[in-house]
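Structure data (TSV, C-alpha atoms) from query-v4.tsv:
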chain	number	residue	atom	x	y	z
A	1	MET	CA	186.73	222.08	48.82
A	2	ALA	CA	186.41	225.53	50.16
A	3	SER	CA	183.14	226.31	51.79
A	4	ALA	CA	181.36	229.36	53.09
A	5	LEU	CA	179.10	229.93	56.03
A	6	ILE	CA	176.75	232.87	55.71
A	7	ASN	CA	174.42	234.29	58.32
A	8	VAL	CA	171.84	236.76	57.01
A	9	PRO	CA	168.40	237.23	58.63
A	10	LYS	CA	165.70	235.65	56.47
A	11	LYS	CA	163.27	238.46	57.20
A	12	ALA	CA	163.67	242.08	58.18
A	13	LYS	CA	161.57	245.19	58.50
A	14	ARG	CA	162.22	247.93	55.95
A	15	GLY	CA	164.88	250.27	57.32
A	16	GLU	CA	166.09	247.82	59.95
A	17	ILE	CA	169.85	247.57	60.47
A	18	ILE	CA	170.85	243.94	60.02
A	19	GLU	CA	174.10	242.16	60.77
A	20	ILE	CA	175.70	239.94	58.15
A	21	LYS	CA	178.24	237.34	59.25
A	22	THR	CA	180.45	235.38	56.88
A	23	LEU	CA	183.03	232.68	57.36
A	24	MET	CA	185.13	231.20	54.57
A	25	SER	CA	187.14	228.05	55.06
A	26	HIS	CA	190.74	228.91	54.08
A	27	ILE	CA	194.21	228.22	55.48
A	28	MET	CA	195.38	231.87	55.26
A	29	GLU	CA	199.03	230.79	55.06
A	30	THR	CA	200.97	233.90	56.01
A	31	GLY	CA	204.10	233.38	53.90
A	32	TYR	CA	206.26	233.97	56.98
A	33	ARG	CA	206.33	230.42	58.31
A	34	ARG	CA	209.14	227.95	57.63
A	35	THR	CA	209.15	224.19	57.40
A	36	ALA	CA	211.39	222.09	59.64
A	37	THR	CA	214.02	222.20	56.86
A	38	GLY	CA	213.98	225.99	56.78
A	39	GLU	CA	212.09	226.59	53.57
A	40	LEU	CA	209.61	229.44	53.54
A	41	VAL	CA	206.02	228.30	53.01
A	42	PRO	CA	204.63	230.45	50.18
A	43	ARG	CA	201.85	232.89	51.01
A	44	ASP	CA	198.34	231.64	50.32
A	45	ILE	CA	195.68	234.01	51.62
A	46	ILE	CA	192.35	235.52	50.68
A	47	THR	CA	193.16	239.07	49.65
A	48	SER	CA	189.74	240.51	49.01
A	49	PHE	CA	186.11	240.11	50.01
A	50	ALA	CA	183.05	241.90	48.67
A	51	CYS	CA	179.32	241.85	49.40
A	52	ARG	CA	176.68	243.09	46.96
A	53	TYR	CA	173.03	243.71	47.84
A	54	ASN	CA	170.88	243.37	44.73
A	55	GLY	CA	173.95	244.08	42.60
A	56	VAL	CA	175.18	247.12	44.53
A	57	GLU	CA	178.35	246.80	46.54
A	58	ILE	CA	177.68	247.52	50.22
A	59	PHE	CA	180.87	246.21	51.82
A	60	ARG	CA	184.38	245.38	50.71
A	61	ALA	CA	187.53	244.36	52.56
A	62	ASP	CA	191.23	243.97	51.77
A	63	LEU	CA	192.70	241.17	53.87
A	64	PHE	CA	196.31	240.67	54.89
A	65	PRO	CA	198.21	237.73	56.45
A	66	ALA	CA	197.27	239.13	59.88
A	67	ILE	CA	193.71	237.90	59.36
A	68	ALA	CA	193.23	234.55	61.11
A	69	ALA	CA	192.66	231.29	59.22
A	70	ASN	CA	189.08	230.72	58.04
A	71	PRO	CA	188.41	234.46	57.77
A	72	PHE	CA	185.38	235.61	59.70
A	73	LEU	CA	183.84	238.96	58.81
A	74	SER	CA	180.79	240.62	60.24
A	75	PHE	CA	179.30	243.93	59.15
A	76	PHE	CA	175.99	245.78	58.97
A	77	THR	CA	173.60	247.06	56.35
A	78	VAL	CA	170.17	248.65	56.19
A	79	ALA	CA	167.49	246.28	54.87
A	80	THR	CA	166.03	248.36	52.03
A	81	GLU	CA	164.29	245.80	49.82
A	82	SER	CA	163.78	242.09	49.36
A	83	GLY	CA	166.43	240.43	47.28
A	84	LYS	CA	169.78	238.80	47.24
A	85	PHE	CA	173.18	239.20	48.81
A	86	ASP	CA	176.14	238.05	46.75
A	87	PHE	CA	179.44	237.35	48.45
A	88	GLU	CA	182.78	236.95	46.75
A	89	TRP	CA	186.20	235.96	48.09
A	90	ILE	CA	189.34	236.31	45.97
A	91	GLY	CA	192.79	235.12	46.96
A	92	ASP	CA	196.24	233.86	46.04
A	93	LYS	CA	196.79	230.92	43.68
A	94	GLY	CA	193.65	231.79	41.72
A	95	PHE	CA	191.33	231.29	44.68
A	96	THR	CA	187.83	232.51	43.98
A	97	GLU	CA	184.67	231.52	45.78
A	98	THR	CA	181.14	232.90	45.80
A	99	ALA	CA	178.03	232.48	47.92
A	100	SER	CA	174.65	234.11	48.14
A	101	ALA	CA	171.73	234.57	50.51
A	102	THR	CA	168.23	235.94	50.14
A	103	ILE	CA	166.27	238.26	52.38
A	104	SER	CA	162.63	239.22	52.46
A	105	VAL	CA	161.95	242.78	53.57
A	106	GLU	CA	158.51	243.81	54.75
B	1	MET	CA	206.88	250.46	59.65
B	2	LEU	CA	203.57	251.15	61.39
B	3	ALA	CA	203.86	254.89	60.78
B	4	GLY	CA	204.68	254.26	57.11
B	5	ALA	CA	201.67	252.01	56.59
B	6	ILE	CA	199.41	254.61	58.19
B	7	ARG	CA	200.91	257.34	55.97
B	8	ASN	CA	200.10	255.23	52.90
B	9	VAL	CA	196.44	255.37	53.87
B	10	VAL	CA	196.01	258.87	55.28
B	11	GLY	CA	198.57	260.72	53.15
B	12	THR	CA	199.33	264.11	54.65
B	13	ALA	CA	196.00	264.43	56.47
B	14	VAL	CA	195.93	265.03	60.22
B	15	VAL	CA	194.72	262.02	62.19
B	16	GLN	CA	192.66	263.00	65.22
B	17	THR	CA	192.18	260.80	68.27
B	18	GLY	CA	188.71	259.60	69.23
B	19	ARG	CA	185.39	258.47	67.81
B	20	VAL	CA	186.78	255.01	67.03
B	21	LYS	CA	186.62	252.07	69.42
B	22	ILE	CA	188.52	248.77	69.30
B	23	ASP	CA	187.08	245.85	71.21
B	24	VAL	CA	189.77	243.26	71.70
B	25	PRO	CA	190.67	241.09	74.68
B	26	PRO	CA	193.51	242.77	76.64
B	27	LEU	CA	195.17	239.39	77.27
B	28	VAL	CA	195.04	236.46	74.86
B	29	GLU	CA	196.57	233.02	75.18
B	30	ASN	CA	196.70	232.28	71.48
B	31	GLY	CA	197.70	234.93	68.97
B	32	ASN	CA	196.49	232.79	66.07
B	33	THR	CA	192.92	233.90	66.39
B	34	VAL	CA	192.04	237.03	68.31
B	35	PRO	CA	188.47	238.34	68.01
B	36	MET	CA	188.36	242.04	67.23
B	37	THR	CA	185.51	244.50	66.73
B	38	VAL	CA	186.04	248.05	65.51
B	39	SER	CA	183.21	250.57	65.71
B	40	VAL	CA	182.97	254.26	64.94
B	41	ALA	CA	180.62	256.73	66.61
B	42	ASN	CA	178.90	258.14	63.53
B	43	PRO	CA	175.25	258.59	62.46
B	44	MET	CA	175.85	256.86	59.07
B	45	THR	CA	173.58	259.20	57.10
B	46	ALA	CA	173.85	260.08	53.41
B	47	ASP	CA	176.02	263.14	54.11
B	48	ASP	CA	177.88	262.00	57.22
B	49	TYR	CA	179.21	258.47	57.13
B	50	VAL	CA	182.30	256.33	57.58
B	51	LYS	CA	183.96	255.54	54.27
B	52	SER	CA	186.51	253.06	55.52
B	53	ILE	CA	188.16	251.53	58.56
B	54	HIS	CA	191.83	250.57	58.44
B	55	VAL	CA	193.45	248.34	61.04
B	56	PHE	CA	197.19	248.19	61.68
B	57	ASN	CA	199.50	246.37	64.06
B	58	GLU	CA	202.86	247.22	65.48
B	59	LYS	CA	204.92	244.02	65.57
B	60	ASN	CA	203.66	241.46	63.02
B	61	PRO	CA	205.97	240.94	59.99
B	62	GLN	CA	203.62	243.23	58.04
B	63	PRO	CA	201.90	246.32	59.51
B	64	ASN	CA	198.53	245.96	57.75
B	65	VAL	CA	195.72	243.88	59.20
B	66	GLY	CA	192.77	244.82	57.00
B	67	ASN	CA	191.00	247.60	55.14
B	68	PHE	CA	187.21	247.65	55.39
B	69	TYR	CA	185.14	249.81	53.06
B	70	LEU	CA	181.67	250.80	54.21
B	71	GLY	CA	179.17	253.34	53.01
B	72	PRO	CA	176.06	255.20	54.13
B	73	ARG	CA	174.00	252.06	53.57
B	74	ALA	CA	175.83	250.23	56.35
B	75	GLY	CA	173.55	251.82	58.98
B	76	ARG	CA	176.09	251.07	61.68
B	77	ALA	CA	179.83	251.66	61.38
B	78	GLN	CA	181.04	248.45	62.94
B	79	ILE	CA	183.04	245.47	61.70
B	80	SER	CA	184.24	242.30	63.39
B	81	THR	CA	186.88	239.79	62.39
B	82	ARG	CA	189.54	237.54	63.88
B	83	ILE	CA	193.18	238.54	63.65
B	84	ARG	CA	196.66	237.14	64.20
B	85	LEU	CA	199.14	238.72	66.54
B	86	ALA	CA	202.79	237.69	66.45
B	87	ASP	CA	203.61	239.35	69.76
B	88	SER	CA	202.20	241.49	72.53
B	89	GLN	CA	201.62	244.77	70.80
B	90	LYS	CA	199.54	247.79	69.96
B	91	ILE	CA	196.70	247.70	67.42
B	92	VAL	CA	195.68	250.89	65.67
B	93	ALA	CA	192.34	251.49	63.94
B	94	ILE	CA	191.79	254.52	61.71
B	95	ALA	CA	188.44	255.60	60.28
B	96	ARG	CA	188.08	257.75	57.18
B	97	LEU	CA	184.91	259.83	57.31
B	98	SER	CA	182.91	261.20	54.40
B	99	ASP	CA	184.08	264.76	55.22
B	100	GLY	CA	187.69	263.65	54.66
B	101	SER	CA	188.72	263.61	58.31
B	102	PHE	CA	190.60	260.72	59.92
B	103	TRP	CA	190.03	259.44	63.45
B	104	SER	CA	192.07	256.85	65.28
B	105	VAL	CA	192.36	254.82	68.43
B	106	SER	CA	194.81	252.22	69.65
B	107	ALA	CA	194.54	249.21	71.92
B	108	ASP	CA	197.18	247.11	73.64
B	109	VAL	CA	197.04	243.34	73.61
B	110	VAL	CA	199.23	240.97	75.58
B	111	VAL	CA	199.80	237.68	73.73
B	112	THR	CA	201.20	234.63	75.50
B	113	LEU	CA	201.45	232.34	72.44
B	114	ALA	CA	202.43	234.13	69.25
B	115	ALA	CA	201.12	233.54	65.72
B	116	CYS	CA	202.65	233.75	62.25
B	117	THR	CA	206.22	232.76	62.73
B	118	GLU	CA	206.02	229.33	64.32
B	119	GLU	CA	207.37	226.31	62.46
B	120	VAL	CA	205.17	224.20	60.26
B	121	ILE	CA	205.21	220.64	61.54

Mind turning this structure into structure tokens?
Amino acid sequence: MASALINVPKKAKRGEIIEIKTLMSHIMETGYRRTATGELVPRDIITSFACRYNGVEIFRADLFPAIAANPFLSFFTVATESGKFDFEWIGDKGFTETASATISVE
Amino acid sequence: MLAGAIRNVVGTAVVQTGRVKIDVPPLVENGNTVPMTVSVANPMTADDYVKSIHVFNEKNPQPNVGNFYLGPRAGRAQISTRIRLADSQKIVAIARLSDGSFWSVSADVVVTLAACTEEVI
């Protein structure tokens, strides 16, 4: 159901600073909204995101209800070697989702 | 509430003003999704880098927006995301540097349609 969009350059020069963009489809229900009958809608958000580059964590984020639905995150890293980026989203109600992307560094 | 949330992150350290920049539209129609970029003026070398960026808000039901952990490998101390704002308010970004110092900046946003607290239909 949930799906991720990842944008990582396919190729980079060694030492180049590259931008990584990620988007995860998720409602990010804040837990502060009420239904028409006054009941509080329980919180359902992604609480944590991490990115590993060839197994080493290069970026991590703690998310709160103030992050908009379908959380978008963009950050930078130095392209050091060819390999793989692993992305992981963890959230309420047992939500866990992963994605990966490869890069070739010359 | 905002001051308490900041204290939880910085502890008793002194927070200096500067070095950090928030890019956010000064006036937004819809508080449900507000693009925001936070950057820190820092060389991002092995012995001088930004460890983390913490973003707070003044008037949402909860003061935290996000904590972002970087490292020397980031190359550039900059993150972007989209946030929710329940009201016109101040946003505060604080950067923790590798030498233990904290730097902050704030930005004001006027919101015409609020997020978070509207009714579910």

*Report the distance between CA of Lys10 in chain A and CA of Val105 in chain A in Å, rounded to one decimal place.*
8.6 Å

*For range 31-42 of chain B, please output as a PyMOL selection string all residues within 8 Å (counting only C-alpha atoms; exclusion window: fewer than 6 positions along the same chain).*
(chain A and resi 68-69) or (chain B and resi 19-25+48-50+76-87+93+95+111-116)

*asked:* If I take CA of Ser48 in chain A and CA of Ile90 in chain A, how far is one from the other in Å, to one decimal?
replied: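 According to the coordinates, CA of Ser48 in chain A and CA of Ile90 in chain A are separated by 5.2 Å.
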
*So which one's closest to chain B, A:Thr37, A:Thr96, A:Ala61, A:Asp44? Using all atoms listed in the file, please.*
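Using all atoms listed in the file, chain B sits closest to A:Ala61.
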
*Suppose you want the space between CA of Pro72 in chain B and CA of Met44 in chain B; what is it in Å?*
5.2 Å

*asked:* Distance limit 7 Å, atoms considered: only C-alpha atoms. Which chain A residues sit that close to chain B? Return them as number ranges by chain.
replied: A: 17, 30, 32-36, 58-64, 66-68, 71-78

*For Met1 in chain B, which residue out of B:Asp108, B:Lys90, B:Lys59, B:Val14 is the nearest one, using only C-alpha atoms?*
B:Lys59

For Asn54 in chain A: contacts at 8 Å, all atoms listed in the file, fewer than 4 positions along chain excluded, given as a short mmCIF file (atom, residue, chain, number, x, y, z; two decimals) with C-alpha atoms, in the frame of the given file:
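Listing of out_28.cif after writing:
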data_model
loop_
_atom_site.label_atom_id
_atom_site.label_comp_id
_atom_site.auth_asym_id
_atom_site.auth_seq_id
_atom_site.Cartn_x
_atom_site.Cartn_y
_atom_site.Cartn_z
CA GLY A 83 166.43 240.43 47.28
CA LYS A 84 169.78 238.80 47.24
CA PHE A 85 173.18 239.20 48.81
CA ASP A 86 176.14 238.05 46.75
#

How would range 1-36 of chain A look with N, CA and C atoms restored, written as a PDB file, keeping the file's coordinate frame?
ATOM      1  N   MET A   1     185.922 222.246  47.620  1.00  0.00           N
ATOM      2  CA  MET A   1     186.730 222.080  48.820  1.00  0.00           C
ATOM      3  C   MET A   1     186.434 223.217  49.798  1.00  0.00           C
ATOM      4  N   ALA A   2     186.674 224.375  49.304  1.00  0.00           N
ATOM      5  CA  ALA A   2     186.410 225.530  50.160  1.00  0.00           C
ATOM      6  C   ALA A   2     184.914 225.650  50.387  1.00  0.00           C
ATOM      7  N   SER A   3     184.559 226.152  51.562  1.00  0.00           N
ATOM      8  CA  SER A   3     183.140 226.310  51.790  1.00  0.00           C
ATOM      9  C   SER A   3     182.882 227.551  52.633  1.00  0.00           C
ATOM     10  N   ALA A   4     181.709 228.111  52.424  1.00  0.00           N
ATOM     11  CA  ALA A   4     181.360 229.360  53.090  1.00  0.00           C
ATOM     12  C   ALA A   4     180.213 229.138  54.050  1.00  0.00           C
ATOM     13  N   LEU A   5     180.238 229.879  55.124  1.00  0.00           N
ATOM     14  CA  LEU A   5     179.100 229.930  56.030  1.00  0.00           C
ATOM     15  C   LEU A   5     178.602 231.365  56.037  1.00  0.00           C
ATOM     16  N   ILE A   6     177.320 231.530  55.794  1.00  0.00           N
ATOM     17  CA  ILE A   6     176.750 232.870  55.710  1.00  0.00           C
ATOM     18  C   ILE A   6     175.609 232.960  56.711  1.00  0.00           C
ATOM     19  N   ASN A   7     175.546 234.068  57.418  1.00  0.00           N
ATOM     20  CA  ASN A   7     174.420 234.290  58.320  1.00  0.00           C
ATOM     21  C   ASN A   7     173.780 235.637  57.994  1.00  0.00           C
ATOM     22  N   VAL A   8     172.618 235.566  57.353  1.00  0.00           N
ATOM     23  CA  VAL A   8     171.840 236.760  57.010  1.00  0.00           C
ATOM     24  C   VAL A   8     170.422 236.517  57.526  1.00  0.00           C
ATOM     25  N   PRO A   9     169.789 237.477  58.194  1.00  0.00           N
ATOM     26  CA  PRO A   9     168.400 237.230  58.630  1.00  0.00           C
ATOM     27  C   PRO A   9     167.501 236.956  57.427  1.00  0.00           C
ATOM     28  N   LYS A  10     166.594 235.992  57.578  1.00  0.00           N
ATOM     29  CA  LYS A  10     165.700 235.650  56.470  1.00  0.00           C
ATOM     30  C   LYS A  10     164.701 236.759  56.212  1.00  0.00           C
ATOM     31  N   LYS A  11     164.281 237.411  57.309  1.00  0.00           N
ATOM     32  CA  LYS A  11     163.270 238.460  57.200  1.00  0.00           C
ATOM     33  C   LYS A  11     163.753 239.680  57.954  1.00  0.00           C
ATOM     34  N   ALA A  12     163.356 240.852  57.455  1.00  0.00           N
ATOM     35  CA  ALA A  12     163.670 242.080  58.180  1.00  0.00           C
ATOM     36  C   ALA A  12     162.604 243.108  57.860  1.00  0.00           C
ATOM     37  N   LYS A  13     162.478 244.075  58.763  1.00  0.00           N
ATOM     38  CA  LYS A  13     161.570 245.190  58.500  1.00  0.00           C
ATOM     39  C   LYS A  13     162.322 246.213  57.652  1.00  0.00           C
ATOM     40  N   ARG A  14     161.582 246.914  56.791  1.00  0.00           N
ATOM     41  CA  ARG A  14     162.220 247.930  55.950  1.00  0.00           C
ATOM     42  C   ARG A  14     162.890 248.971  56.840  1.00  0.00           C
ATOM     43  N   GLY A  15     164.148 249.258  56.545  1.00  0.00           N
ATOM     44  CA  GLY A  15     164.880 250.270  57.320  1.00  0.00           C
ATOM     45  C   GLY A  15     165.626 249.704  58.515  1.00  0.00           C
ATOM     46  N   GLU A  16     165.411 248.452  58.816  1.00  0.00           N
ATOM     47  CA  GLU A  16     166.090 247.820  59.950  1.00  0.00           C
ATOM     48  C   GLU A  16     167.577 247.627  59.632  1.00  0.00           C
ATOM     49  N   ILE A  17     168.421 247.825  60.651  1.00  0.00           N
ATOM     50  CA  ILE A  17     169.850 247.570  60.470  1.00  0.00           C
ATOM     51  C   ILE A  17     170.105 246.099  60.781  1.00  0.00           C
ATOM     52  N   ILE A  18     170.624 245.369  59.820  1.00  0.00           N
ATOM     53  CA  ILE A  18     170.850 243.940  60.020  1.00  0.00           C
ATOM     54  C   ILE A  18     172.347 243.635  60.011  1.00  0.00           C
ATOM     55  N   GLU A  19     172.702 242.587  60.742  1.00  0.00           N
ATOM     56  CA  GLU A  19     174.100 242.160  60.770  1.00  0.00           C
ATOM     57  C   GLU A  19     174.286 240.979  59.822  1.00  0.00           C
ATOM     58  N   ILE A  20     175.356 241.028  59.066  1.00  0.00           N
ATOM     59  CA  ILE A  20     175.700 239.940  58.150  1.00  0.00           C
ATOM     60  C   ILE A  20     177.013 239.338  58.636  1.00  0.00           C
ATOM     61  N   LYS A  21     177.020 238.020  58.789  1.00  0.00           N
ATOM     62  CA  LYS A  21     178.240 237.340  59.250  1.00  0.00           C
ATOM     63  C   LYS A  21     178.668 236.349  58.173  1.00  0.00           C
ATOM     64  N   THR A  22     179.959 236.326  57.889  1.00  0.00           N
ATOM     65  CA  THR A  22     180.450 235.380  56.880  1.00  0.00           C
ATOM     66  C   THR A  22     181.706 234.685  57.393  1.00  0.00           C
ATOM     67  N   LEU A  23     181.844 233.446  57.005  1.00  0.00           N
ATOM     68  CA  LEU A  23     183.030 232.680  57.360  1.00  0.00           C
ATOM     69  C   LEU A  23     183.425 231.866  56.130  1.00  0.00           C
ATOM     70  N   MET A  24     184.668 231.970  55.727  1.00  0.00           N
ATOM     71  CA  MET A  24     185.130 231.200  54.570  1.00  0.00           C
ATOM     72  C   MET A  24     186.239 230.273  55.039  1.00  0.00           C
ATOM     73  N   SER A  25     186.115 229.009  54.673  1.00  0.00           N
ATOM     74  CA  SER A  25     187.140 228.050  55.060  1.00  0.00           C
ATOM     75  C   SER A  25     188.385 228.270  54.191  1.00  0.00           C
ATOM     76  N   HIS A  26     189.495 228.622  54.809  1.00  0.00           N
ATOM     77  CA  HIS A  26     190.740 228.910  54.080  1.00  0.00           C
ATOM     78  C   HIS A  26     191.908 228.888  55.052  1.00  0.00           C
ATOM     79  N   ILE A  27     193.047 228.388  54.593  1.00  0.00           N
ATOM     80  CA  ILE A  27     194.210 228.220  55.480  1.00  0.00           C
ATOM     81  C   ILE A  27     194.847 229.549  55.897  1.00  0.00           C
ATOM     82  N   MET A  28     194.746 230.567  55.013  1.00  0.00           N
ATOM     83  CA  MET A  28     195.380 231.870  55.260  1.00  0.00           C
ATOM     84  C   MET A  28     196.850 231.703  55.656  1.00  0.00           C
ATOM     85  N   GLU A  29     197.591 231.001  54.812  1.00  0.00           N
ATOM     86  CA  GLU A  29     199.030 230.790  55.060  1.00  0.00           C
ATOM     87  C   GLU A  29     199.746 232.128  54.909  1.00  0.00           C
ATOM     88  N   THR A  30     200.462 232.530  55.966  1.00  0.00           N
ATOM     89  CA  THR A  30     200.970 233.900  56.010  1.00  0.00           C
ATOM     90  C   THR A  30     202.120 234.192  55.036  1.00  0.00           C
ATOM     91  N   GLY A  31     202.909 233.142  54.711  1.00  0.00           N
ATOM     92  CA  GLY A  31     204.100 233.380  53.900  1.00  0.00           C
ATOM     93  C   GLY A  31     205.300 233.729  54.753  1.00  0.00           C
ATOM     94  N   TYR A  32     205.134 233.676  56.082  1.00  0.00           N
ATOM     95  CA  TYR A  32     206.260 233.970  56.980  1.00  0.00           C
ATOM     96  C   TYR A  32     206.699 232.735  57.755  1.00  0.00           C
ATOM     97  N   ARG A  33     205.978 231.609  57.545  1.00  0.00           N
ATOM     98  CA  ARG A  33     206.330 230.420  58.310  1.00  0.00           C
ATOM     99  C   ARG A  33     207.343 229.579  57.525  1.00  0.00           C
ATOM    100  N   ARG A  34     208.148 228.818  58.257  1.00  0.00           N
ATOM    101  CA  ARG A  34     209.140 227.950  57.630  1.00  0.00           C
ATOM    102  C   ARG A  34     208.856 226.500  57.986  1.00  0.00           C
ATOM    103  N   THR A  35     209.247 225.617  57.089  1.00  0.00           N
ATOM    104  CA  THR A  35     209.150 224.190  57.400  1.00  0.00           C
ATOM    105  C   THR A  35     210.318 223.801  58.290  1.00  0.00           C
ATOM    106  N   ALA A  36     210.314 222.561  58.769  1.00  0.00           N
ATOM    107  CA  ALA A  36     211.390 222.090  59.640  1.00  0.00           C
ATOM    108  C   ALA A  36     212.746 222.167  58.940  1.00  0.00           C
TER     109      ALA A  36
END
